[in-house]
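Chemist: Quick one: the structure is below, questions incoming.
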Amino acid sequence: MKASVIHQYGGPEVLRYEDYPDPVLQPGEVLVRVAAAGVNPVDALERSGETKTWRPVRFPGVLGWDFSGTVEKLGTGVQGFSVGDQVLAWAYHTYAELCAVSAALLARVPQGMNLVDAAALPLVTMTGSQLIYIGADVKSGQTVLVSGAAGSVGRSAVFAAKDRGAMVIAGVLKKQLEPVKNFSADRVVALDDPSAFADLQPVDVVANTVRGNTAEDLMAKVKQGGTFASVTGAPANAGKYHQVRTVAFVSKQDTKNLEYTVEAVRAGKLTVPIGSRLPLYDAAEAHAAFAKGSAGKILLLP
């Protein structure tokens, strides 16, 4: 098969489109012909070597954490799926024409949903919703500020918080105010507007998806006894806020969670915008565009 392969850590240029061995199915796994693979922040971290202490790449290696595609072959013991089924999953090594994944992690692509665009959903929707349900443990009636709400993880967190019955403030950049004017949040605030930020009253929960100074500044916007849950790790100043429960949250694969968020997308309750669809052989270009802050999810099509 063809895949986007790295032989060393480095910048986008280390991604090479070349021949790579087909996956070998293990019992309980399904072989999927990939329709599209999503590009996520963790891909760039893996490529650069920033995650090598806890998730080293075995060279030559294939990146990618989510995908959609069509079932091509069933491993021994697999039940509930058939050849030809359209599926999506949070899986690994997805920058390739074929991917082997545990059948237990697969969800079906709903009828009428675009198979390629479905690849944008697994990792970001599970991360955003789990940030709310597990990391922050949001309760009905609480006030929740979601930072980075215009991003895919942020949008998923906004949906989940509203679905749980919270009053939701979507924190975005000034340049993002127009694109999110029809957001489901109760209020939208430009976090890079000093006066708007200063006017923010303390909230029960900050569900954080951004890094740097903004994350640190938001620690001061959590009520005493409130929660700051973050998918980007604890802010550097978290130790100064002993009255705030700080949670450095890491999401996990959860098929029921994926089915739930996919249904929300199908029903129009959640939208994950697609920024661009590029051929897999342009994975280096996709990573370069991602580094520049490309708007919307980038998908790679084998």
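Lettering and numbering for the structure tokens are positional, with chains as A, B, ... in the shown order, residues counted from 1 in each chain, and ligands counted from 1 in the shown order.
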From a DSSP calculation on the backbone, collect every residue of stretch 20-200 of chain A in strand (DSSP E) and output the set as an NGL selection string.
Modeler: :A and (29-39 or 61-62 or 66-74 or 86-90 or 98-102 or 107-108 or 143-147 or 167-172 or 187-190)
Chemist: List every residue of stretch 218-258 of chain A that has an atom at most 12 Å from any atom of stretch 125-145 of chain A, giving for each one its closest atom pair and the distance in Å to one decimal, counting only C-alpha atoms, sorted by chain and then by ascending residue number, as a Markdown table.
Modeler:
| residue | atom | partner | partner_atom | distance |
| --- | --- | --- | --- | --- |
| A:Leu218 | CA | A:Leu145 | CA | 9.3 |
| A:Met219 | CA | A:Leu145 | CA | 11.2 |
| A:Lys221 | CA | A:Leu145 | CA | 9.1 |
| A:Val222 | CA | A:Leu145 | CA | 9.2 |
| A:Lys223 | CA | A:Thr143 | CA | 10.2 |
| A:Gly226 | CA | A:Ala136 | CA | 9.4 |
| A:Thr227 | CA | A:Ala136 | CA | 6.4 |
| A:Phe228 | CA | A:Ala136 | CA | 7.2 |
| A:Ala229 | CA | A:Ala136 | CA | 5.4 |
| A:Ser230 | CA | A:Leu131 | CA | 7.3 |
| A:Val231 | CA | A:Leu131 | CA | 7.1 |
| A:Thr232 | CA | A:Leu131 | CA | 10.9 |
| A:Gly233 | CA | A:Gly135 | CA | 11.6 |
| A:Val244 | CA | A:Ala136 | CA | 11.7 |
| A:Arg245 | CA | A:Ala136 | CA | 9.2 |
| A:Thr246 | CA | A:Ala136 | CA | 9.0 |
| A:Val247 | CA | A:Gly135 | CA | 6.4 |
| A:Ala248 | CA | A:Gly135 | CA | 7.9 |
| A:Phe249 | CA | A:Gly135 | CA | 5.6 |
| A:Val250 | CA | A:Thr127 | CA | 7.8 |
| A:Ser251 | CA | A:Thr127 | CA | 5.2 |
| A:Lys252 | CA | A:Thr127 | CA | 7.6 |
| A:Gln253 | CA | A:Met126 | CA | 7.7 |
| A:Asp254 | CA | A:Met126 | CA | 7.6 |
| A:Thr255 | CA | A:Met126 | CA | 9.2 |
| A:Lys256 | CA | A:Met126 | CA | 9.8 |
| A:Asn257 | CA | A:Met126 | CA | 6.4 |
| A:Leu258 | CA | A:Met126 | CA | 6.1 |
Chemist: Now that the selection is made, can you save its residues with C-alpha atoms as a short mmCIF file (atom, residue, chain, number, x, y, z; two decimals), in the first residue's frame?
Modeler:
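Ended up saving to part-v8.cif:
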data_model
loop_
_atom_site.label_atom_id
_atom_site.label_comp_id
_atom_site.auth_asym_id
_atom_site.auth_seq_id
_atom_site.Cartn_x
_atom_site.Cartn_y
_atom_site.Cartn_z
CA LEU A 218 -8.27 32.19 32.53
CA MET A 219 -7.24 30.64 35.85
CA LYS A 221 -11.78 33.57 35.96
CA VAL A 222 -12.70 30.40 37.88
CA LYS A 223 -14.80 30.72 41.02
CA GLY A 226 -14.52 25.73 40.63
CA THR A 227 -12.77 23.64 38.00
CA PHE A 228 -10.21 24.40 35.31
CA ALA A 229 -10.12 21.35 33.02
CA SER A 230 -7.68 21.45 30.14
CA VAL A 231 -6.73 19.24 27.20
CA THR A 232 -3.43 21.12 26.83
CA GLY A 233 -2.09 20.38 30.29
CA VAL A 244 -9.34 25.89 41.86
CA ARG A 245 -9.48 22.20 40.96
CA THR A 246 -7.12 21.88 38.00
CA VAL A 247 -7.49 18.86 35.74
CA ALA A 248 -4.98 18.07 32.98
CA PHE A 249 -7.35 15.90 30.98
CA VAL A 250 -6.42 13.21 28.44
CA SER A 251 -9.24 11.72 26.38
CA LYS A 252 -9.55 8.05 25.49
CA GLN A 253 -11.12 5.83 22.85
CA ASP A 254 -14.78 5.21 23.61
CA THR A 255 -17.07 3.80 20.92
CA LYS A 256 -20.32 4.78 22.65
CA ASN A 257 -19.03 8.32 23.01
CA LEU A 258 -18.12 8.36 19.31
#
Chemist: Write out as a list in words the residues lying within 12 Å of A:Ala288, counting only C-alpha atoms and excluding same-chain residues fewer than 5 positions away.
Modeler: Gly10, Gly11, Pro12, Glu13, Val14, Leu15, Val39, Pro41, Asp43, Ala44, Arg47, Asp282, Ala283, Gly293, Ser294 and Ile298 of chain A
Chemist: Mind writing the picked residues with C-alpha atoms as a short mmCIF file (atom, residue, chain, number, x, y, z; two decimals), in the first residue's frame?
Modeler:
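Final output, saved to again21.cif:
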data_model
loop_
_atom_site.label_atom_id
_atom_site.label_comp_id
_atom_site.auth_asym_id
_atom_site.auth_seq_id
_atom_site.Cartn_x
_atom_site.Cartn_y
_atom_site.Cartn_z
CA GLY A 10 11.53 16.80 12.13
CA GLY A 11 9.38 19.34 10.31
CA PRO A 12 6.66 18.69 7.74
CA GLU A 13 9.33 17.85 5.16
CA VAL A 14 10.04 14.47 6.82
CA LEU A 15 6.67 13.14 5.61
CA VAL A 39 -4.88 15.85 10.70
CA PRO A 41 -2.32 18.59 16.69
CA ASP A 43 0.25 14.35 14.64
CA ALA A 44 2.58 17.33 14.52
CA ARG A 47 6.29 14.07 13.88
CA ASP A 282 0.57 16.19 0.11
CA ALA A 283 0.73 15.34 3.83
CA GLY A 293 -3.20 27.98 11.70
CA SER A 294 -5.36 26.71 8.86
CA ILE A 298 -7.63 19.22 7.32
#
Chemist: Can you list, as a CSV table (one decimal) with N, CA and C atoms, in the first residue's frame, every protein, DNA or RNA residue that comes within 9 Å of A:Val158 when you count only C-alpha atoms, leaving out same-chain residues fewer than 2 positions away?
Modeler:
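Listed below is the output, result_29.csv:
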chain,number,residue,atom,x,y,z
A,128,GLY,N,-13.4,16.8,23.0
A,128,GLY,CA,-14.2,17.9,23.5
A,128,GLY,C,-15.3,17.5,24.4
A,129,SER,N,-16.1,16.4,24.0
A,129,SER,CA,-17.2,16.0,24.9
A,129,SER,C,-16.7,15.3,26.2
A,132,ILE,N,-15.8,17.8,28.9
A,132,ILE,CA,-16.9,18.3,29.6
A,132,ILE,C,-17.5,17.2,30.6
A,144,VAL,N,-20.2,27.6,32.2
A,144,VAL,CA,-19.0,27.0,31.7
A,144,VAL,C,-18.4,27.9,30.6
A,145,LEU,N,-17.1,28.3,30.7
A,145,LEU,CA,-16.5,29.0,29.6
A,145,LEU,C,-15.6,28.0,28.9
A,146,VAL,N,-15.8,27.9,27.6
A,146,VAL,CA,-15.0,27.0,26.7
A,146,VAL,C,-14.0,27.9,25.9
A,149,ALA,N,-13.2,28.0,21.5
A,149,ALA,CA,-14.5,27.4,21.1
A,149,ALA,C,-14.7,27.3,19.6
A,153,VAL,N,-12.3,20.8,18.7
A,153,VAL,CA,-12.4,20.3,20.1
A,153,VAL,C,-13.3,21.3,20.9
A,154,GLY,N,-13.1,22.6,20.7
A,154,GLY,CA,-13.9,23.6,21.4
A,154,GLY,C,-15.4,23.5,21.1
A,155,ARG,N,-15.7,23.4,19.8
A,155,ARG,CA,-17.1,23.2,19.3
A,155,ARG,C,-17.7,22.0,20.0
A,156,SER,N,-17.0,20.9,20.0
A,156,SER,CA,-17.5,19.7,20.6
A,156,SER,C,-17.8,19.9,22.1
A,160,ALA,N,-21.4,19.6,24.1
A,160,ALA,CA,-21.5,18.7,25.2
A,160,ALA,C,-22.0,19.5,26.5
A,161,ALA,N,-21.4,20.7,26.7
A,161,ALA,CA,-21.8,21.5,27.9
A,161,ALA,C,-23.3,21.9,27.8
A,162,LYS,N,-23.7,22.3,26.6
A,162,LYS,CA,-25.1,22.7,26.4
A,162,LYS,C,-26.0,21.5,26.6
A,163,ASP,N,-25.6,20.4,26.1
A,163,ASP,CA,-26.4,19.1,26.2
A,163,ASP,C,-26.5,18.7,27.6
A,168,VAL,N,-23.4,28.3,28.7
A,168,VAL,CA,-22.1,28.2,28.0
A,168,VAL,C,-21.6,29.6,27.4
A,169,ILE,N,-20.4,29.9,27.8
A,169,ILE,CA,-19.7,31.1,27.2
A,169,ILE,C,-18.6,30.6,26.2
A,170,ALA,N,-18.7,30.9,25.0
A,170,ALA,CA,-17.7,30.5,24.0
A,170,ALA,C,-16.6,31.5,23.9
A,183,PHE,N,-23.5,30.3,16.7
A,183,PHE,CA,-23.1,29.3,17.6
A,183,PHE,C,-24.2,28.9,18.6
A,184,SER,N,-24.2,27.7,19.2
A,184,SER,CA,-25.2,27.3,20.1
A,184,SER,C,-24.9,27.8,21.5
A,185,ALA,N,-23.8,28.4,21.7
A,185,ALA,CA,-23.4,29.0,23.1
A,185,ALA,C,-24.4,30.1,23.4
A,270,LEU,N,-24.2,19.6,16.1
A,270,LEU,CA,-22.7,19.8,16.2
A,270,LEU,C,-22.2,19.9,14.8
Chemist: Atom CA of A:Ala3 to atom CA of A:Gly28: how many Å, to one decimal?
Modeler: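 Here the two named atoms are 23.4 Å from each other.
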Chemist: One decimal, in Å: what's the spacing between atom CA of A:Val188 and atom CA of A:Leu200?
Modeler: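 Taking atom CA of A:Val188 and atom CA of A:Leu200, their separation equals 10.9 Å.
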Chemist: Need to verify the contact set: A:Lys175, 12 Å, only C-alpha atoms, exclusion of same-chain residues closer than 3 positions in sequence. Can you return it as a ChimeraX atom specification?
Modeler: /A:150,171-172,178-181,189-193,295
Chemist: Quick one: residues within 12 Å of A:Leu121, only C-alpha atoms, excluding same-chain residues fewer than 2 positions away - as a ChimeraX atom specification?
Modeler: /A:36-40,65-68,87-91,107,109,113-119,123-129,152-153,155-156,257-266,270-274,296-299
Chemist: Hey, what's within 8 Å of stretch 235-242 of chain A if we count only C-alpha atoms and toss same-chain stuff fewer than 5 positions away? As a PyMOL selection string, please?
Modeler: chain A and resi 211-212+215-216+219-220
Chemist: What residues in stretch 61-225 of chain A get the DSSP label helix (DSSP H, G or I)? Please answer as a ChimeraX atom specification.
Modeler: /A:103-105,117-120,122-135,152-163,174-176,194-199,213-221
Chemist: Any chance you could export the current selection's N, CA and C atoms as a short mmCIF file (atom, residue, chain, number, x, y, z; two decimals), in the first residue's frame?
Modeler:
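The resulting again_34.cif:
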data_model
loop_
_atom_site.label_atom_id
_atom_site.label_comp_id
_atom_site.auth_asym_id
_atom_site.auth_seq_id
_atom_site.Cartn_x
_atom_site.Cartn_y
_atom_site.Cartn_z
N ALA A 103 -12.23 -4.06 16.04
CA ALA A 103 -13.65 -3.89 15.72
C ALA A 103 -14.40 -3.20 16.85
N ALA A 104 -13.91 -3.35 18.07
CA ALA A 104 -14.58 -2.75 19.22
C ALA A 104 -14.51 -1.23 19.20
N LEU A 105 -13.61 -0.66 18.40
CA LEU A 105 -13.43 0.79 18.35
C LEU A 105 -14.17 1.44 17.19
N ASP A 117 -15.84 13.23 4.80
CA ASP A 117 -15.93 14.24 5.85
C ASP A 117 -16.08 13.63 7.24
N ALA A 118 -16.57 12.40 7.32
CA ALA A 118 -16.71 11.73 8.62
C ALA A 118 -15.36 11.55 9.30
N ALA A 119 -14.27 11.57 8.54
CA ALA A 119 -12.93 11.41 9.13
C ALA A 119 -12.56 12.56 10.04
N ALA A 120 -13.26 13.68 9.93
CA ALA A 120 -12.96 14.84 10.77
C ALA A 120 -13.45 14.67 12.21
N PRO A 122 -13.77 11.70 14.73
CA PRO A 122 -13.49 10.87 15.91
C PRO A 122 -12.69 11.52 17.03
N LEU A 123 -11.46 11.92 16.77
CA LEU A 123 -10.60 12.39 17.86
C LEU A 123 -11.12 13.68 18.49
N VAL A 124 -11.50 14.65 17.66
CA VAL A 124 -11.88 15.96 18.21
C VAL A 124 -13.21 15.92 18.95
N THR A 125 -14.19 15.18 18.43
CA THR A 125 -15.49 15.17 19.10
C THR A 125 -15.42 14.41 20.43
N MET A 126 -14.66 13.32 20.45
CA MET A 126 -14.52 12.60 21.71
C MET A 126 -13.73 13.41 22.73
N THR A 127 -12.69 14.09 22.27
CA THR A 127 -11.89 14.89 23.19
C THR A 127 -12.71 16.03 23.80
N GLY A 128 -13.45 16.75 22.96
CA GLY A 128 -14.23 17.88 23.46
C GLY A 128 -15.35 17.46 24.39
N SER A 129 -16.06 16.39 24.04
CA SER A 129 -17.18 15.96 24.88
C SER A 129 -16.68 15.35 26.19
N GLN A 130 -15.60 14.57 26.13
CA GLN A 130 -15.07 13.99 27.35
C GLN A 130 -14.47 15.05 28.28
N LEU A 131 -13.95 16.12 27.70
CA LEU A 131 -13.46 17.23 28.53
C LEU A 131 -14.58 17.75 29.43
N ILE A 132 -15.79 17.79 28.89
CA ILE A 132 -16.95 18.28 29.65
C ILE A 132 -17.48 17.22 30.61
N TYR A 133 -17.71 16.02 30.10
CA TYR A 133 -18.38 14.99 30.90
C TYR A 133 -17.48 14.37 31.96
N ILE A 134 -16.22 14.18 31.61
CA ILE A 134 -15.30 13.48 32.52
C ILE A 134 -14.34 14.45 33.19
N GLY A 135 -13.60 15.22 32.38
CA GLY A 135 -12.59 16.10 32.93
C GLY A 135 -13.16 17.16 33.87
N SER A 152 -12.26 22.69 16.53
CA SER A 152 -13.07 21.46 16.49
C SER A 152 -13.30 20.87 17.87
N VAL A 153 -12.25 20.83 18.71
CA VAL A 153 -12.42 20.32 20.07
C VAL A 153 -13.30 21.27 20.87
N GLY A 154 -13.09 22.57 20.71
CA GLY A 154 -13.89 23.56 21.42
C GLY A 154 -15.36 23.49 21.06
N ARG A 155 -15.66 23.35 19.77
CA ARG A 155 -17.05 23.23 19.33
C ARG A 155 -17.72 22.01 19.97
N SER A 156 -16.96 20.92 20.04
CA SER A 156 -17.50 19.70 20.63
C SER A 156 -17.75 19.89 22.12
N ALA A 157 -16.88 20.65 22.78
CA ALA A 157 -17.07 20.93 24.19
C ALA A 157 -18.29 21.83 24.42
N VAL A 158 -18.49 22.82 23.55
CA VAL A 158 -19.67 23.69 23.65
C VAL A 158 -20.94 22.86 23.53
N PHE A 159 -20.98 21.99 22.52
CA PHE A 159 -22.15 21.12 22.35
C PHE A 159 -22.41 20.28 23.59
N ALA A 160 -21.36 19.65 24.10
CA ALA A 160 -21.52 18.75 25.24
C ALA A 160 -21.99 19.49 26.48
N ALA A 161 -21.45 20.69 26.70
CA ALA A 161 -21.84 21.47 27.87
C ALA A 161 -23.30 21.91 27.77
N LYS A 162 -23.72 22.34 26.59
CA LYS A 162 -25.12 22.71 26.40
C LYS A 162 -26.02 21.49 26.58
N ASP A 163 -25.57 20.36 26.07
CA ASP A 163 -26.36 19.14 26.17
C ASP A 163 -26.52 18.70 27.62
N LYS A 174 -11.06 37.66 18.39
CA LYS A 174 -11.88 38.70 17.78
C LYS A 174 -12.18 38.38 16.32
N LYS A 175 -11.20 37.85 15.60
CA LYS A 175 -11.40 37.55 14.18
C LYS A 175 -12.37 36.39 13.96
N GLN A 176 -12.71 35.67 15.03
CA GLN A 176 -13.63 34.53 14.92
C GLN A 176 -15.05 34.87 15.33
N PRO A 194 -9.06 42.94 25.51
CA PRO A 194 -8.80 43.21 26.93
C PRO A 194 -10.03 43.65 27.70
N SER A 195 -10.85 44.51 27.10
CA SER A 195 -12.03 45.01 27.83
C SER A 195 -13.07 43.91 27.99
N ALA A 196 -13.26 43.10 26.95
CA ALA A 196 -14.22 42.00 27.04
C ALA A 196 -13.75 40.97 28.06
N PHE A 197 -12.44 40.71 28.08
CA PHE A 197 -11.90 39.76 29.03
C PHE A 197 -12.06 40.27 30.45
N ALA A 198 -11.80 41.55 30.65
CA ALA A 198 -11.92 42.13 31.98
C ALA A 198 -13.35 42.08 32.50
N ASP A 199 -14.32 42.15 31.58
CA ASP A 199 -15.73 42.13 31.97
C ASP A 199 -16.25 40.74 32.32
N ASN A 213 -0.48 32.20 27.35
CA ASN A 213 -0.95 33.25 28.24
C ASN A 213 -2.45 33.23 28.46
N THR A 214 -3.21 32.92 27.41
CA THR A 214 -4.67 32.92 27.56
C THR A 214 -5.10 31.89 28.60
N ALA A 215 -4.52 30.70 28.54
CA ALA A 215 -4.86 29.67 29.52
C ALA A 215 -4.50 30.12 30.93
N GLU A 216 -3.34 30.75 31.08
CA GLU A 216 -2.92 31.22 32.40
C GLU A 216 -3.85 32.31 32.91
N ASP A 217 -4.23 33.23 32.03
CA ASP A 217 -5.12 34.32 32.44
C ASP A 217 -6.49 33.80 32.87
N LEU A 218 -6.94 32.73 32.23
CA LEU A 218 -8.27 32.19 32.53
C LEU A 218 -8.34 31.54 33.90
N MET A 219 -7.22 31.20 34.50
CA MET A 219 -7.24 30.64 35.85
C MET A 219 -7.92 31.60 36.82
N ALA A 220 -7.73 32.89 36.59
CA ALA A 220 -8.31 33.91 37.48
C ALA A 220 -9.81 34.08 37.27
N LYS A 221 -10.35 33.44 36.25
CA LYS A 221 -11.78 33.57 35.96
C LYS A 221 -12.60 32.39 36.49
#
Chemist: With only C-alpha atoms as the basis for distance, which of A:Pro21, A:Pro302, A:Gly275, A:Gly112 is at the shortest distance from A:Gly151?
Modeler: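 Smallest separation from A:Gly151 among the options: A:Gly275.
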